[in-house]
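Undergrad: Just passing along the structure, written as structure tokens.
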Amino acid sequence: MARKVTAAIVQVAWTGDKDSMIELHTKHVAEAAAAGARVMCFQELFYGPYFCQVQDTEYYSYAEAIPDGPTTKRFCELAAQHEMVLVVPMYEREKAGFLYNTAAVIDADGTYLGKYRKNHIPQVKGFWEKFYFRPGNLGYPVFETAVGTVGVYICYDRHFPEGWRALGLAGAEIVFNPSATSRGLSAYLWQLEQTSAAAANMYYVGAINRVGVEPLGDNDFYGTSYFANPRGQIVETAASDRDEELLVRELDLEMIDEVRNQWAFYRDRRPDSYGSLTAP
């Protein structure tokens, strides 16, 4: 029996406030469900602006508890309503002073399955993330969902191949990479890295970016969200580089076995020779 999953990703521009961003994504969940989607992921820090363009403690107020905060609870209800797996990237407050860049994973019956915390945290102009986030401390978990085994990697993480590999070795079939990345050198890497990670690990990657210029800085977020298949090919086409867009694509999970049987990268690994990779 074919294992085909209809998956959705959505790229949007900052509306100006948290409540309207949540409402907008609520609408897009319904639209994706109507198009047949059974799994969906939003962009990095989906309900806020990309506030890391500045360093201001005011934006700590965007952080919520996960899973006990209002946004996780709301999207658990929506997941159950639409029978859809949801990957929901948010700003997490574990306790005072413990803040993370996190994605909650919710199953199609509304069950909260767990979370991934971004492991690699940049600190460069326009991306002052160490001001806002502690490094992730949950490793590279995968989640057994109604559509298959799902992993999450967040934005800057994508520059580090080790996490992609860890997710694949743990059984991930689809890895979502919600991001906030702007024009320049990044646009070249956007096309290169995530398709390469899909090919190297022989699974599907969903790459999500926001769009537009926000009031906090001059970062020009260029969208171009896409799915890459286990051969590293973009599924159909990528989204617009300027406009908001809901992207819905059919993913044939049987291709994972097909490619792994042909390419056999995991069979031919030599972990006994990789010790130096973990040296400080």
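Order determines the names: the first chain of the structure tokens is A, the second B, and so forth; residues in each chain are numbered 1 upward, and ligands are numbered 1 upward as they are shown.
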Taking only residues of range 81-121 of chain A that have an atom at most 12 Å from an atom of range 126-132 of chain A, what is each one's shortest atom pair and its distance in Å to one decimal, using only C-alpha atoms, in chain and number order, as a tab-separated table?
TA:
residue	atom	partner	partner_atom	distance
A:Tyr91	CA	A:Tyr132	CA	9.1
A:Glu92	CA	A:Tyr132	CA	10.2
A:Arg93	CA	A:Tyr132	CA	10.6
A:Gly97	CA	A:Tyr132	CA	9.5
A:Phe98	CA	A:Tyr132	CA	9.3
A:Leu99	CA	A:Tyr132	CA	6.8
A:Tyr100	CA	A:Tyr132	CA	7.5
A:Asn101	CA	A:Tyr132	CA	8.3
A:Thr102	CA	A:Tyr132	CA	11.9
A:Lys118	CA	A:Glu129	CA	10.7
A:Asn119	CA	A:Lys130	CA	11.3
A:His120	CA	A:Lys130	CA	9.7
A:Ile121	CA	A:Glu129	CA	6.0
Undergrad: Could I get the residues of range 24-85 of chain A with an atom no further than 12 Å from an atom of range 178-192 of chain A, each paired with its nearest atom pair and that distance in Å to one decimal, using only C-alpha atoms, sorted by chain and residue number, as CSV?
TA:
residue,atom,partner,partner_atom,distance
A:Met40,CA,A:Pro178,CA,11.0
A:Cys41,CA,A:Pro178,CA,7.4
A:Phe42,CA,A:Pro178,CA,6.5
A:Gln43,CA,A:Pro178,CA,4.6
A:Glu44,CA,A:Pro178,CA,4.7
A:Leu45,CA,A:Ser179,CA,8.3
A:Phe46,CA,A:Pro178,CA,8.9
A:Gly48,CA,A:Ala180,CA,11.2
A:Pro49,CA,A:Ala180,CA,9.7
A:Tyr50,CA,A:Ala180,CA,7.1
A:Phe51,CA,A:Ala180,CA,10.4
A:Cys52,CA,A:Ala180,CA,9.9
A:Gln53,CA,A:Ala180,CA,10.7
Undergrad: Could you take the residues named above and write them with N, CA, C and O atoms, as a PDB file, in the first residue's frame?
TA:
ATOM      1  N   MET A  40       1.465  19.885   8.836  1.00  0.00           N
ATOM      2  CA  MET A  40       1.745  21.271   8.474  1.00  0.00           C
ATOM      3  C   MET A  40       2.734  21.877   9.452  1.00  0.00           C
ATOM      4  O   MET A  40       2.708  21.583  10.650  1.00  0.00           O
ATOM      5  N   CYS A  41       3.617  22.745   8.932  1.00  0.00           N
ATOM      6  CA  CYS A  41       4.582  23.458   9.771  1.00  0.00           C
ATOM      7  C   CYS A  41       4.540  24.937   9.455  1.00  0.00           C
ATOM      8  O   CYS A  41       4.380  25.343   8.290  1.00  0.00           O
ATOM      9  N   PHE A  42       4.698  25.772  10.489  1.00  0.00           N
ATOM     10  CA  PHE A  42       4.754  27.230  10.345  1.00  0.00           C
ATOM     11  C   PHE A  42       6.211  27.700  10.319  1.00  0.00           C
ATOM     12  O   PHE A  42       7.138  26.926  10.529  1.00  0.00           O
ATOM     13  N   GLN A  43       6.407  29.004  10.114  1.00  0.00           N
ATOM     14  CA  GLN A  43       7.745  29.592  10.091  1.00  0.00           C
ATOM     15  C   GLN A  43       8.280  29.784  11.515  1.00  0.00           C
ATOM     16  O   GLN A  43       7.537  29.724  12.500  1.00  0.00           O
ATOM     17  N   GLU A  44       9.573  30.005  11.619  1.00  0.00           N
ATOM     18  CA  GLU A  44      10.238  30.199  12.905  1.00  0.00           C
ATOM     19  C   GLU A  44       9.590  31.341  13.689  1.00  0.00           C
ATOM     20  O   GLU A  44       9.283  32.399  13.132  1.00  0.00           O
ATOM     21  N   LEU A  45       9.364  31.123  15.022  1.00  0.00           N
ATOM     22  CA  LEU A  45       8.784  32.154  15.892  1.00  0.00           C
ATOM     23  C   LEU A  45       7.529  32.732  15.246  1.00  0.00           C
ATOM     24  O   LEU A  45       7.364  33.945  15.111  1.00  0.00           O
ATOM     25  N   PHE A  46       6.598  31.860  14.868  1.00  0.00           N
ATOM     26  CA  PHE A  46       5.549  32.203  13.910  1.00  0.00           C
ATOM     27  C   PHE A  46       4.653  33.349  14.316  1.00  0.00           C
ATOM     28  O   PHE A  46       4.170  34.094  13.460  1.00  0.00           O
ATOM     29  N   GLY A  48       5.278  36.079  16.078  1.00  0.00           N
ATOM     30  CA  GLY A  48       5.906  37.367  16.357  1.00  0.00           C
ATOM     31  C   GLY A  48       6.655  37.916  15.171  1.00  0.00           C
ATOM     32  O   GLY A  48       6.764  37.275  14.125  1.00  0.00           O
ATOM     33  N   PRO A  49       7.208  39.109  15.319  1.00  0.00           N
ATOM     34  CA  PRO A  49       8.180  39.583  14.342  1.00  0.00           C
ATOM     35  C   PRO A  49       9.479  38.827  14.576  1.00  0.00           C
ATOM     36  O   PRO A  49       9.628  38.134  15.601  1.00  0.00           O
ATOM     37  N   TYR A  50      10.429  38.929  13.669  1.00  0.00           N
ATOM     38  CA  TYR A  50      11.753  38.389  13.953  1.00  0.00           C
ATOM     39  C   TYR A  50      12.493  39.450  14.766  1.00  0.00           C
ATOM     40  O   TYR A  50      13.235  40.276  14.243  1.00  0.00           O
ATOM     41  N   PHE A  51      12.249  39.439  16.086  1.00  0.00           N
ATOM     42  CA  PHE A  51      12.748  40.494  16.977  1.00  0.00           C
ATOM     43  C   PHE A  51      14.251  40.416  17.200  1.00  0.00           C
ATOM     44  O   PHE A  51      14.839  41.335  17.783  1.00  0.00           O
ATOM     45  N   CYS A  52      14.899  39.350  16.736  1.00  0.00           N
ATOM     46  CA  CYS A  52      16.341  39.212  16.944  1.00  0.00           C
ATOM     47  C   CYS A  52      17.154  40.188  16.096  1.00  0.00           C
ATOM     48  O   CYS A  52      18.399  40.199  16.172  1.00  0.00           O
ATOM     49  N   GLN A  53      16.498  41.014  15.309  1.00  0.00           N
ATOM     50  CA  GLN A  53      17.203  42.081  14.600  1.00  0.00           C
ATOM     51  C   GLN A  53      17.671  43.165  15.563  1.00  0.00           C
ATOM     52  O   GLN A  53      18.538  43.970  15.224  1.00  0.00           O
TER      53      GLN A  53
END
Undergrad: For a test of reading the model, state the distance in Å between CA of Val12 in chain A and CA of Asp220 in chain A, rounded to one decimal.
TA: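 Atom-to-atom, CA of Val12 in chain A to CA of Asp220 in chain A, that is 12.7 Å.
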Undergrad: Could you pull out all residues of range 40-240 of chain A with a DSSP call of strand (DSSP E or B) and give them as a PyMOL selection string?
TA: chain A and resi 40-41+64+85-95+98-106+112-117+123-124+127-128+142-145+148-152+174-178+182+204-208+211-213+220-222+226-228+234
Undergrad: Here is a test: counting only C-alpha atoms, which residue of A:Glu173, A:Glu214, A:Glu83, A:Glu77 is nearest to Asp252 in chain A?
TA: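 Comparing A:Glu173, A:Glu214, A:Glu83, A:Glu77 against Asp252 in chain A, the winner is A:Glu173.
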Undergrad: Which residues are close to Ala170 in chain A, i.e. within 7 Å by only C-alpha atoms, leaving aside same-chain residues fewer than 3 positions away? Reply as an NGL selection string.
TA: :A and (142 or 166-167)
Undergrad: Return the single residue from A:Lys125, A:Arg134, A:Asn229, A:Leu169 that is closest to Pro271 in chain A, with distances computed using only C-alpha atoms.
TA: A:Leu169
Undergrad: Check the smallest atom-to-atom distance from each of A:Pro280, A:Gly206, A:Pro230, A:Gly275 to Gln11 in chain A using only C-alpha atoms, then report the winner.
TA: A:Gly206
Undergrad: List every residue of range 71-205 of chain A that DSSP, applied to the backbone, labels as alpha helix (DSSP H), and write the result as a tab-separated table (two decimals) with N, CA, C and O atoms, in the first residue's frame.
TA:
chain	number	residue	atom	x	y	z
A	71	THR	N	-0.99	29.30	23.37
A	71	THR	CA	-0.86	29.03	21.93
A	71	THR	C	-0.76	27.53	21.66
A	71	THR	O	-1.41	27.01	20.74
A	72	THR	N	0.02	26.81	22.44
A	72	THR	CA	0.08	25.36	22.26
A	72	THR	C	-1.29	24.74	22.46
A	72	THR	O	-1.72	23.88	21.67
A	73	LYS	N	-2.00	25.16	23.48
A	73	LYS	CA	-3.33	24.60	23.75
A	73	LYS	C	-4.28	24.88	22.59
A	73	LYS	O	-5.04	24.00	22.17
A	74	ARG	N	-4.21	26.09	22.04
A	74	ARG	CA	-5.10	26.43	20.93
A	74	ARG	C	-4.81	25.54	19.72
A	74	ARG	O	-5.74	25.03	19.08
A	75	PHE	N	-3.54	25.34	19.40
A	75	PHE	CA	-3.23	24.56	18.20
A	75	PHE	C	-3.39	23.05	18.44
A	75	PHE	O	-3.58	22.31	17.48
A	76	CYS	N	-3.36	22.61	19.67
A	76	CYS	CA	-3.76	21.23	19.96
A	76	CYS	C	-5.23	21.03	19.60
A	76	CYS	O	-5.61	20.01	19.00
A	77	GLU	N	-6.06	22.00	19.94
A	77	GLU	CA	-7.48	21.92	19.59
A	77	GLU	C	-7.67	21.94	18.08
A	77	GLU	O	-8.49	21.18	17.53
A	78	LEU	N	-6.91	22.78	17.38
A	78	LEU	CA	-7.04	22.86	15.93
A	78	LEU	C	-6.55	21.58	15.25
A	78	LEU	O	-7.13	21.13	14.26
A	79	ALA	N	-5.48	21.01	15.77
A	79	ALA	CA	-4.97	19.76	15.22
A	79	ALA	C	-6.04	18.68	15.30
A	79	ALA	O	-6.28	17.94	14.33
A	80	ALA	N	-6.70	18.58	16.44
A	80	ALA	CA	-7.76	17.59	16.60
A	80	ALA	C	-8.94	17.89	15.69
A	80	ALA	O	-9.52	17.00	15.06
A	81	GLN	N	-9.31	19.17	15.61
A	81	GLN	CA	-10.44	19.57	14.77
A	81	GLN	C	-10.23	19.19	13.31
A	81	GLN	O	-11.14	18.71	12.63
A	82	HIS	N	-9.00	19.41	12.82
A	82	HIS	CA	-8.72	19.17	11.40
A	82	HIS	C	-8.01	17.84	11.15
A	82	HIS	O	-7.68	17.55	10.00
A	161	PRO	N	25.61	19.85	9.59
A	161	PRO	CA	25.12	18.56	9.06
A	161	PRO	C	24.91	17.49	10.12
A	161	PRO	O	24.16	16.54	9.90
A	162	GLU	N	25.54	17.65	11.29
A	162	GLU	CA	25.46	16.60	12.30
A	162	GLU	C	24.01	16.38	12.78
A	162	GLU	O	23.59	15.23	13.01
A	163	GLY	N	23.28	17.45	12.98
A	163	GLY	CA	21.90	17.31	13.45
A	163	GLY	C	20.99	16.68	12.41
A	163	GLY	O	20.12	15.85	12.73
A	164	TRP	N	21.18	17.06	11.15
A	164	TRP	CA	20.42	16.40	10.07
A	164	TRP	C	20.64	14.89	10.12
A	164	TRP	O	19.70	14.11	9.99
A	165	ARG	N	21.90	14.49	10.28
A	165	ARG	CA	22.24	13.07	10.30
A	165	ARG	C	21.64	12.39	11.53
A	165	ARG	O	21.10	11.28	11.43
A	166	ALA	N	21.71	13.05	12.69
A	166	ALA	CA	21.15	12.47	13.91
A	166	ALA	C	19.66	12.21	13.75
A	166	ALA	O	19.15	11.17	14.19
A	167	LEU	N	18.95	13.13	13.12
A	167	LEU	CA	17.52	12.95	12.91
A	167	LEU	C	17.24	11.76	11.99
A	167	LEU	O	16.33	10.97	12.23
A	168	GLY	N	18.04	11.65	10.93
A	168	GLY	CA	17.86	10.52	10.03
A	168	GLY	C	18.15	9.18	10.68
A	168	GLY	O	17.41	8.21	10.51
A	169	LEU	N	19.22	9.12	11.45
A	169	LEU	CA	19.57	7.88	12.13
A	169	LEU	C	18.51	7.49	13.16
A	169	LEU	O	18.35	6.31	13.48
A	185	LEU	N	23.91	36.26	0.84
A	185	LEU	CA	24.54	34.94	0.74
A	185	LEU	C	23.58	33.83	1.15
A	185	LEU	O	23.58	32.74	0.59
A	186	SER	N	22.72	34.13	2.12
A	186	SER	CA	21.79	33.13	2.63
A	186	SER	C	20.92	32.53	1.54
A	186	SER	O	20.58	31.35	1.58
A	187	ALA	N	20.53	33.34	0.54
A	187	ALA	CA	19.63	32.85	-0.50
A	187	ALA	C	20.28	31.72	-1.29
A	187	ALA	O	19.60	30.76	-1.69
A	188	TYR	N	21.57	31.81	-1.54
A	188	TYR	CA	22.30	30.74	-2.23
A	188	TYR	C	22.33	29.48	-1.36
A	188	TYR	O	22.06	28.37	-1.82
A	189	LEU	N	22.65	29.67	-0.07
A	189	LEU	CA	22.71	28.52	0.83
A	189	LEU	C	21.34	27.89	1.01
A	189	LEU	O	21.23	26.67	1.19
A	190	TRP	N	20.29	28.69	0.99
A	190	TRP	CA	18.92	28.19	1.15
A	190	TRP	C	18.60	27.12	0.10
A	190	TRP	O	17.99	26.10	0.40
A	191	GLN	N	19.02	27.38	-1.11
A	191	GLN	CA	18.76	26.43	-2.19
A	191	GLN	C	19.67	25.20	-2.09
A	191	GLN	O	19.31	24.11	-2.53
A	192	LEU	N	20.85	25.38	-1.50
A	192	LEU	CA	21.87	24.34	-1.49
A	192	LEU	C	21.76	23.39	-0.30
A	192	LEU	O	21.76	22.16	-0.45
A	193	GLU	N	21.70	23.96	0.90
A	193	GLU	CA	21.91	23.16	2.11
A	193	GLU	C	20.79	22.17	2.39
A	193	GLU	O	21.03	21.01	2.75
A	194	GLN	N	19.55	22.61	2.24
A	194	GLN	CA	18.45	21.75	2.66
A	194	GLN	C	18.15	20.67	1.63
A	194	GLN	O	17.76	19.56	1.97
A	195	THR	N	18.36	20.98	0.35
A	195	THR	CA	18.26	19.93	-0.66
A	195	THR	C	19.40	18.92	-0.47
A	195	THR	O	19.20	17.71	-0.62
A	196	SER	N	20.59	19.41	-0.13
A	196	SER	CA	21.72	18.51	0.12
A	196	SER	C	21.48	17.64	1.34
A	196	SER	O	21.82	16.45	1.35
A	197	ALA	N	20.90	18.22	2.40
A	197	ALA	CA	20.61	17.44	3.60
A	197	ALA	C	19.58	16.36	3.29
A	197	ALA	O	19.69	15.22	3.79
A	198	ALA	N	18.59	16.69	2.47
A	198	ALA	CA	17.59	15.69	2.08
A	198	ALA	C	18.24	14.54	1.33
A	198	ALA	O	17.96	13.36	1.60
A	199	ALA	N	19.15	14.85	0.41
A	199	ALA	CA	19.83	13.81	-0.36
A	199	ALA	C	20.79	13.00	0.50
A	199	ALA	O	20.84	11.77	0.43
A	200	ALA	N	21.56	13.68	1.34
A	200	ALA	CA	22.56	12.99	2.16
A	200	ALA	C	21.91	12.02	3.14
A	200	ALA	O	22.49	11.00	3.51
A	201	ASN	N	20.69	12.37	3.58
A	201	ASN	CA	20.01	11.54	4.57
A	201	ASN	C	18.82	10.78	4.00
A	201	ASN	O	18.19	10.01	4.71
